Each structure stands twice: as structure tokens, then as C-alpha cells.
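Asks: One file: my_file-v6.txt (compact mmCIF, C-alpha atoms).
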# COMPACT_ATOMS: atom_id res chain seq x y z
CA MET A 53 0.00 0.00 0.00
CA THR A 54 1.49 3.34 -1.08
CA SER A 55 1.45 6.33 1.19
CA PRO A 56 -0.28 9.57 0.07
CA THR A 57 3.06 11.31 -0.16
CA ASP A 58 4.27 8.95 -2.91
CA ASP A 59 1.97 10.59 -5.52
CA ARG A 60 3.14 14.11 -4.91
CA SER A 61 5.28 15.69 -7.63
CA PRO A 62 8.48 17.32 -6.50
CA LYS A 63 8.12 21.08 -6.22
CA LEU A 64 10.79 23.64 -6.83
CA PRO A 65 11.69 25.72 -3.80
CA ARG A 66 10.15 29.19 -3.78
CA GLY A 67 13.59 30.64 -3.24
CA TRP A 68 14.76 29.21 -6.57
CA LEU A 69 11.81 30.73 -8.43
CA ARG A 70 12.40 34.09 -6.79
CA ALA A 71 16.09 33.98 -7.69
CA ALA A 72 15.28 33.07 -11.31
CA LEU A 73 12.81 35.97 -11.56
CA VAL A 74 15.26 38.45 -10.06
CA SER A 75 18.04 37.21 -12.34
CA THR A 76 15.82 37.59 -15.42
CA ILE A 77 14.82 41.14 -14.47
CA ALA A 78 18.44 42.04 -13.78
CA PHE A 79 19.55 40.58 -17.12
CA VAL A 80 16.90 42.56 -19.00
CA PHE A 81 17.80 45.75 -17.12
CA VAL A 82 21.54 45.37 -17.78
CA GLY A 83 20.87 44.59 -21.44
CA ALA A 84 18.62 47.64 -21.83
CA ALA A 85 21.15 49.87 -20.08
CA ALA A 86 23.99 48.60 -22.27
CA GLY A 87 21.85 49.14 -25.37
CA PHE A 88 21.02 52.69 -24.27
CA ILE A 89 24.71 53.45 -23.76
CA GLY A 90 25.40 52.07 -27.23
CA PHE A 91 22.62 54.27 -28.61
CA LEU A 92 24.06 57.35 -26.92
CA SER A 93 27.50 56.58 -28.35
CA GLN A 94 26.05 57.08 -31.84
CA LEU A 95 24.90 60.64 -31.11
CA ARG A 96 27.16 63.43 -32.25
CA GLY A 97 27.66 66.38 -29.94
CA ALA A 98 28.73 68.77 -32.69
CA GLU A 99 27.77 69.36 -36.29
CA ILE A 100 30.39 68.05 -38.70
CA ALA A 101 30.32 68.91 -42.39
CA PRO A 102 29.99 65.89 -44.71
CA ASP A 103 33.33 64.57 -45.91
CA ARG A 104 32.03 64.27 -49.48
CA ARG A 105 29.31 65.44 -51.82
CA ALA A 106 26.23 63.43 -52.76
CA ASP A 107 23.71 63.36 -55.58
CA GLY A 108 20.93 64.64 -53.35
CA ILE A 109 20.07 65.85 -49.86
CA VAL A 110 17.06 64.74 -47.80
CA VAL A 111 15.96 66.58 -44.67
CA LEU A 112 13.34 65.20 -42.29
CA THR A 113 11.04 67.80 -40.79
CA GLY A 114 10.32 67.81 -37.08
CA GLY A 115 13.26 69.52 -35.39
CA SER A 116 14.57 73.04 -35.09
CA SER A 117 17.09 74.23 -37.72
CA ARG A 118 16.99 70.98 -39.72
CA VAL A 119 15.67 72.66 -42.87
CA SER A 120 17.94 75.69 -42.60
CA ASP A 121 21.01 73.46 -42.16
CA ALA A 122 19.95 71.37 -45.16
CA MET A 123 19.54 74.52 -47.25
CA GLU A 124 23.04 75.61 -46.28
CA LEU A 125 24.39 72.25 -47.46
CA LEU A 126 22.55 72.69 -50.76
CA ALA A 127 23.88 76.22 -51.17
CA ALA A 128 27.41 74.94 -50.47
CA GLY A 129 27.09 72.44 -53.31
CA TYR A 130 26.92 69.24 -51.26
CA GLY A 131 24.01 68.00 -53.37
CA LYS A 132 22.23 68.74 -56.65
CA ARG A 133 18.73 68.89 -55.18
CA LEU A 134 17.07 68.89 -51.78
CA LEU A 135 13.98 66.94 -50.68
CA ILE A 136 12.14 68.30 -47.63
CA SER A 137 10.23 65.27 -46.40
CA GLY A 138 7.23 65.45 -44.08
CA VAL A 139 5.98 68.92 -45.01
CA HIS A 140 2.50 69.74 -43.73
CA PRO A 141 -0.10 69.66 -46.56
CA THR A 142 -1.02 73.31 -45.99
CA SER A 143 2.58 74.55 -46.17
CA THR A 144 3.87 75.90 -49.47
CA ALA A 145 7.31 76.61 -50.86
CA SER A 146 6.64 80.30 -50.27
CA ASP A 147 5.89 79.66 -46.61
CA ILE A 148 9.19 77.87 -46.19
CA SER A 149 11.19 80.39 -48.18
CA ARG A 150 9.95 83.24 -45.98
CA THR A 151 11.69 81.59 -43.03
CA LEU A 152 14.89 81.24 -45.07
CA PRO A 153 15.29 84.58 -46.86
CA GLU A 154 18.99 84.06 -47.60
CA ASN A 155 18.24 80.88 -49.59
CA GLN A 156 14.99 81.83 -51.36
CA SER A 157 16.50 81.37 -54.81
CA PHE A 158 17.16 77.69 -54.16
CA MET A 159 13.52 77.07 -53.21
CA HIS A 160 12.47 77.73 -56.81
CA CYS A 161 15.18 75.79 -58.62
CA CYS A 162 16.45 72.94 -56.51
CA VAL A 163 14.01 71.99 -53.73
CA ASP A 164 11.21 69.40 -53.76
CA LEU A 165 8.55 69.04 -51.07
CA ASP A 166 7.15 65.74 -49.83
CA ARG A 167 3.78 66.11 -48.11
CA THR A 168 3.02 62.38 -47.85
CA ALA A 169 5.35 61.04 -45.17
CA VAL A 170 3.96 60.97 -41.63
CA SER A 171 6.73 58.93 -39.98
CA THR A 172 10.42 58.18 -40.29
CA ARG A 173 9.55 55.03 -42.20
CA GLY A 174 7.44 57.12 -44.55
CA ASN A 175 10.31 59.61 -44.96
CA ALA A 176 12.54 56.76 -46.08
CA ALA A 177 9.95 55.43 -48.53
CA GLU A 178 9.38 58.84 -50.12
CA ALA A 179 13.13 59.53 -50.26
CA ARG A 180 13.58 56.22 -52.07
CA ARG A 181 10.98 57.16 -54.71
CA TRP A 182 12.51 60.61 -55.11
CA ALA A 183 16.04 59.25 -55.46
CA GLU A 184 15.01 56.51 -57.88
CA GLY A 185 13.04 58.98 -59.99
CA ARG A 186 16.08 61.22 -60.36
CA GLY A 187 18.67 58.48 -60.64
CA PHE A 188 20.43 59.48 -57.41
CA ARG A 189 22.74 56.86 -55.90
CA SER A 190 23.96 58.81 -52.87
CA LEU A 191 22.10 60.96 -50.33
CA ILE A 192 23.01 63.20 -47.44
CA VAL A 193 20.45 62.56 -44.69
CA VAL A 194 19.76 65.56 -42.44
CA THR A 195 17.95 65.17 -39.13
CA SER A 196 18.53 65.79 -35.42
CA ASN A 197 21.38 63.91 -33.75
CA TYR A 198 19.05 61.97 -31.43
CA HIS A 199 16.90 60.93 -34.41
CA MET A 200 19.75 59.96 -36.75
CA PRO A 201 20.25 56.32 -35.59
CA ARG A 202 16.60 55.46 -36.27
CA ALA A 203 16.58 57.41 -39.53
CA LEU A 204 19.59 55.47 -40.79
CA VAL A 205 17.93 52.16 -39.86
CA GLU A 206 14.87 53.09 -41.92
CA PHE A 207 16.77 54.60 -44.86
CA SER A 208 19.26 51.73 -45.06
CA HIS A 209 16.40 49.25 -45.12
CA ALA A 210 14.39 51.20 -47.70
CA MET A 211 17.32 51.80 -50.07
CA PRO A 212 20.15 49.32 -49.40
CA GLU A 213 21.89 50.15 -52.67
CA THR A 214 22.09 53.89 -51.93
CA THR A 215 25.08 55.46 -50.20
CA LEU A 216 23.87 57.38 -47.13
CA ILE A 217 25.89 60.21 -45.60
CA PRO A 218 24.54 61.42 -42.23
CA PHE A 219 24.51 65.06 -41.21
CA ALA A 220 23.34 65.27 -37.60
CA VAL A 221 21.82 68.58 -36.51
CA VAL A 222 22.69 69.49 -32.91
CA GLY A 223 20.12 71.70 -31.18
CA GLU A 224 20.99 74.64 -28.97
CA LYS A 225 19.67 72.94 -25.83
CA TRP A 226 21.94 69.97 -26.48
CA ARG A 227 24.93 72.29 -26.77
CA GLU A 228 24.08 74.34 -23.69
CA GLU A 229 23.56 71.62 -21.09
CA PRO A 230 24.45 67.92 -20.66
CA TRP A 231 21.51 65.68 -21.51
CA TRP A 232 21.59 63.94 -18.14
CA THR A 233 20.86 67.24 -16.34
CA SER A 234 17.60 67.83 -18.24
CA ALA A 235 14.58 65.66 -17.45
CA SER A 236 12.89 66.60 -20.73
CA THR A 237 15.97 65.68 -22.80
CA LEU A 238 16.35 62.39 -20.94
CA ARG A 239 12.70 61.54 -21.64
CA LEU A 240 13.22 62.41 -25.30
CA LEU A 241 16.29 60.16 -25.53
CA LEU A 242 14.60 57.25 -23.77
CA SER A 243 11.58 57.58 -26.06
CA GLU A 244 13.80 57.71 -29.14
CA TYR A 245 15.79 54.72 -27.92
CA VAL A 246 12.60 52.64 -27.62
CA LYS A 247 11.56 53.71 -31.14
CA TYR A 248 15.04 52.88 -32.43
CA ILE A 249 14.88 49.37 -30.94
CA ALA A 250 11.38 48.88 -32.38
CA ALA A 251 12.61 49.95 -35.83
CA GLU A 252 15.60 47.61 -35.63
CA LEU A 253 13.33 44.71 -34.64
CA ARG A 254 10.80 45.46 -37.38
CA VAL A 255 13.34 45.64 -40.21
CA ARG A 256 15.01 42.42 -39.05
CA LEU A 257 11.65 40.66 -39.05
CA GLU A 258 10.94 42.07 -42.52
CA ASP A 259 14.19 40.53 -43.71
CA PHE A 260 12.57 37.19 -42.85
CA GLY A 261 9.37 38.14 -44.67
CA ILE A 262 7.42 39.18 -41.56
CA ASP A 263 5.81 42.60 -41.91
CA LEU A 264 4.14 43.59 -38.65
CA SER A 265 2.97 47.00 -39.87
CA PRO A 266 2.32 47.86 -43.53
CA GLU A 267 4.04 50.99 -44.75
CA MET A 268 1.73 53.93 -44.00
CA SER A 269 2.84 55.88 -47.05
CA GLU A 270 1.70 53.10 -49.38
CA GLN A 271 -1.83 54.41 -49.89
CA PRO A 272 -4.20 54.02 -52.82
CA ALA A 273 -3.94 56.72 -55.46
CA GLY A 274 -6.09 59.69 -54.56
CA ALA A 275 -6.33 58.82 -50.88
CA ALA A 276 -5.79 61.77 -48.60
CA PRO A 277 -2.95 61.02 -46.19
CA LYS A 278 -3.63 61.53 -42.51
CA ARG A 279 -1.49 64.25 -41.04
CA PRO A 280 -0.74 65.48 -37.55
CA ALA A 281 -1.57 69.05 -36.61
CA THR A 282 1.96 70.13 -37.52
CA ALA A 283 4.70 68.91 -39.81
CA GLN A 284 6.68 67.58 -36.86
CA ALA A 285 6.14 63.90 -37.58
CA ASN A 286 9.36 62.52 -36.14
Spit out the file's structure as C-alpha cells when you get a sec.

Replies:
Amino acid sequence: MTSPTDDRSPKLPRGWLRAALVSTIAFVFVGAAAGFIGFLSQLRGAEIAPDRRADGIVVLTGGSSRVSDAMELLAAGYGKRLLISGVHPTSTASDISRTLPENQSFMHCCVDLDRTAVSTRGNAAEARRWAEGRGFRSLIVVTSNYHMPRALVEFSHAMPETTLIPFAVVGEKWREEPWWTSASTLRLLLSEYVKYIAAELRVRLEDFGIDLSPEMSEQPAGAAPKRPATAQAN
């Protein structure tokens, strides 16, 4: 006759389960911290002129002085044409030129406006169409320094055959105070880091044929794209 205790399955000690949970959380935390440090290491603290010219220049709207810096690159001959991607549908070339009086002449000859893109992924898709339509094989990508890592992930995935030259715009606040002393800047960086990781994960899955989110800019002809209240889509 067997005793009741013979049918009981062995149970793991609670202490072991607690240790496994704590170890998992610690591993995830250390991995996220290391990834964030790696992300920060990609951010430039000063604006550096491109070391070469390109066929075209693409600037992503959404940050202060991005467009003006891109116009200066165009005026200096770093590219043949400039695409301003993510322009609000109600904005016109005249509206933009009024904010850049010293470069008004370039607005009429060498600048194209993209009003379709509503995200960084959309910026990359529209830049690809623009570059392919003009036969451009190299692009200078202009965006804020904190946004550049994610922008390069999207652009590299959208146009792997195109040479991309980053020009990171450094805002005044970034220059004036260390990011770790500003709660708002830290929140911005953490938010951008999460978006960067999400973009990296999505493009890697797409390489295996798994598309978790269809490209927003791929809309039927004639469909009105949804836009935020401003052109700051990134």
C-alpha cells in the first residue's frame, strides 16, 4: 500500500523561483542599459560637415534648424537637389522660403517638397521614390542627432543600394547643457531609444518576410494622407 506522499510531484523551492525571476529582471535591465549606452554613443555632440558630396540631400522635418542646415548644405554644393520630407499639406514653398530669406532662390530651382510622409519610415519610402526617380545613388540625410540612428535604420532598409551620408543637426539645448541634467531631454532620448529598438526589430523581421505593420505611405492613389496638426512627424 502506497502512502499519500508517494503521488506528490516534486516542487521547486520558492527561493529558486524568486532567484530566477530576479536574475531575469536584472539581465533585462543590464541589457537595456547597455543598449542605451550604445545608442548614446552614436549621437554626435557637434555638427560636422559631410566629408564628401552626394547626388541629393534629404531633410526630415520635425526639429529646429533641420531645414535651414539642409539649405546651407545645398547652397554649399553638397548635393544637386534637396527633398524636404514630411511637409504639412497646408505649407507651401513660399511659406518655407519666408523663413529662409537668404536661400529663397534655391527654393524655386532645386528643392522638392514631400507632403506624404507621416513617420520616419514614410520619410525613407518617399526619399527612395525621389532618389530613384532622379537616378540618385547617394544621399546626405539631415535630421537631429538623437533621431539619426533610427533614420539610418529606416533609410538603409528602404534603399540598401544607396550610399547614405549622415549630417546630424545638434540643437541649442543639447549644446548648452548635458543631456543627463535635463529631465525633458532624458525623456526624449529614452523615447527615441525605444523607437530605435522597435525599428531595428521590425526591419530584421521584414528581412525574414514578416511585416508587422504595412508601410503607412503606401496608400491608394487619390487617398488623402492623414497628417498630424503640424509637420513635426518625427

Asks: Within 9 Å of (16.0, 66.3, -31.1), all atoms listed in the file: residues as an MDAnalysis selection string?

Replies: chainID A and resid 114:116 195:199 221:223 226 237 240:241

Asks: For the selection you just gave me, I'd like the residues written to a file as a PDB file, in the coordinates of the input, keeping C-alpha atoms.

Replies:
ATOM      1  CA  GLY A 114      10.320  67.810 -37.080  1.00  0.00           C
ATOM      2  CA  GLY A 115      13.260  69.520 -35.390  1.00  0.00           C
ATOM      3  CA  SER A 116      14.570  73.040 -35.090  1.00  0.00           C
ATOM      4  CA  THR A 195      17.950  65.170 -39.130  1.00  0.00           C
ATOM      5  CA  SER A 196      18.530  65.790 -35.420  1.00  0.00           C
ATOM      6  CA  ASN A 197      21.380  63.910 -33.750  1.00  0.00           C
ATOM      7  CA  TYR A 198      19.050  61.970 -31.430  1.00  0.00           C
ATOM      8  CA  HIS A 199      16.900  60.930 -34.410  1.00  0.00           C
ATOM      9  CA  VAL A 221      21.820  68.580 -36.510  1.00  0.00           C
ATOM     10  CA  VAL A 222      22.690  69.490 -32.910  1.00  0.00           C
ATOM     11  CA  GLY A 223      20.120  71.700 -31.180  1.00  0.00           C
ATOM     12  CA  TRP A 226      21.940  69.970 -26.480  1.00  0.00           C
ATOM     13  CA  THR A 237      15.970  65.680 -22.800  1.00  0.00           C
ATOM     14  CA  LEU A 240      13.220  62.410 -25.300  1.00  0.00           C
ATOM     15  CA  LEU A 241      16.290  60.160 -25.530  1.00  0.00           C
TER      16      LEU A 241
END

Asks: With a distance cut-off of 7 Å and only C-alpha atoms, select the neighbouring residues of Arg202 in chain A, excluding the residue or stretch itself and same-chain residues fewer than 3 positions from it, and output the selection as a PyMOL selection string.

Replies: chain A and resi 199+205-206+248+251

Asks: Taking into account all atoms listed in the file, which residue in the set A:Gln156, A:Ser190, A:Ser265, A:Ser243 is nearest to Pro212 in chain A?

Replies: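 For Pro212 in chain A, the nearest of the given residues is A:Ser190.
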
Asks: Find the residue from A:Leu126, A:Val163, A:Val194, A:Met211 that sits nearest to Val110 in chain A; use all atoms listed in the file when measuring.

Replies: A:Val194

Asks: Nearest residue to Asp164 in chain A out of A:Ala176, A:Val255, A:Leu69, A:Ala183, using all atoms listed in the file?

Replies: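 Residue with the minimum atom-to-atom distance to Asp164 in chain A: A:Ala183.
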
Asks: What's the 12 Å shell around Ile148 in chain A, counting only C-alpha atoms, without same-chain residues fewer than 3 positions away, as a list in words?

Replies: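 So, after excluding close chain neighbours, the residues are Thr113, Val119, Ser120, Met123, Ile136, Val139, His140, Thr142, Ser143, Thr144, Ala145, Thr151, Leu152, Pro153, Glu154, Asn155, Gln156, Ser157, Phe158, Met159, His160, Val163, Asp164, Leu165 and Ala283 of chain A.
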
Asks: What does the distance from CA of Val193 in chain A to CA of Ile109 in chain A come to in Å, to one decimal?

Replies: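 Straight-line distance from CA of Val193 in chain A to CA of Ile109 in chain A works out to 6.1 Å.
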
Asks: Would you compute the distance between CA of Leu92 in chain A and CA of Leu253 in chain A? Give it in Å to one decimal.

Replies: 18.3 Å

Asks: Taking all atoms listed in the file into account, name the residue in A:Val111, A:Ala128, A:Cys162, A:Ala86 that is nearest to Pro218 in chain A.

Replies: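 Smallest separation from Pro218 in chain A among the options: A:Val111.
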
Asks: Between A:Cys161, A:Ala250, A:Ala84, A:Leu112, which has the minimum distance to Phe207 in chain A (counting only C-alpha atoms)?

Replies: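 Closest to Phe207 in chain A of all the choices is A:Leu112.
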
Asks: Restricting the calculation to all atoms listed in the file: of A:Arg173, A:Arg96, A:Arg186, A:Lys247, which residue gets closest to Gly108 in chain A?

Replies: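 For Gly108 in chain A, the nearest of the given residues is A:Arg186.
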
Asks: CA of Asp166 in chain A and CA of Leu135 in chain A, how far apart in Å?

Replies: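 So the answer is 7.0 Å.
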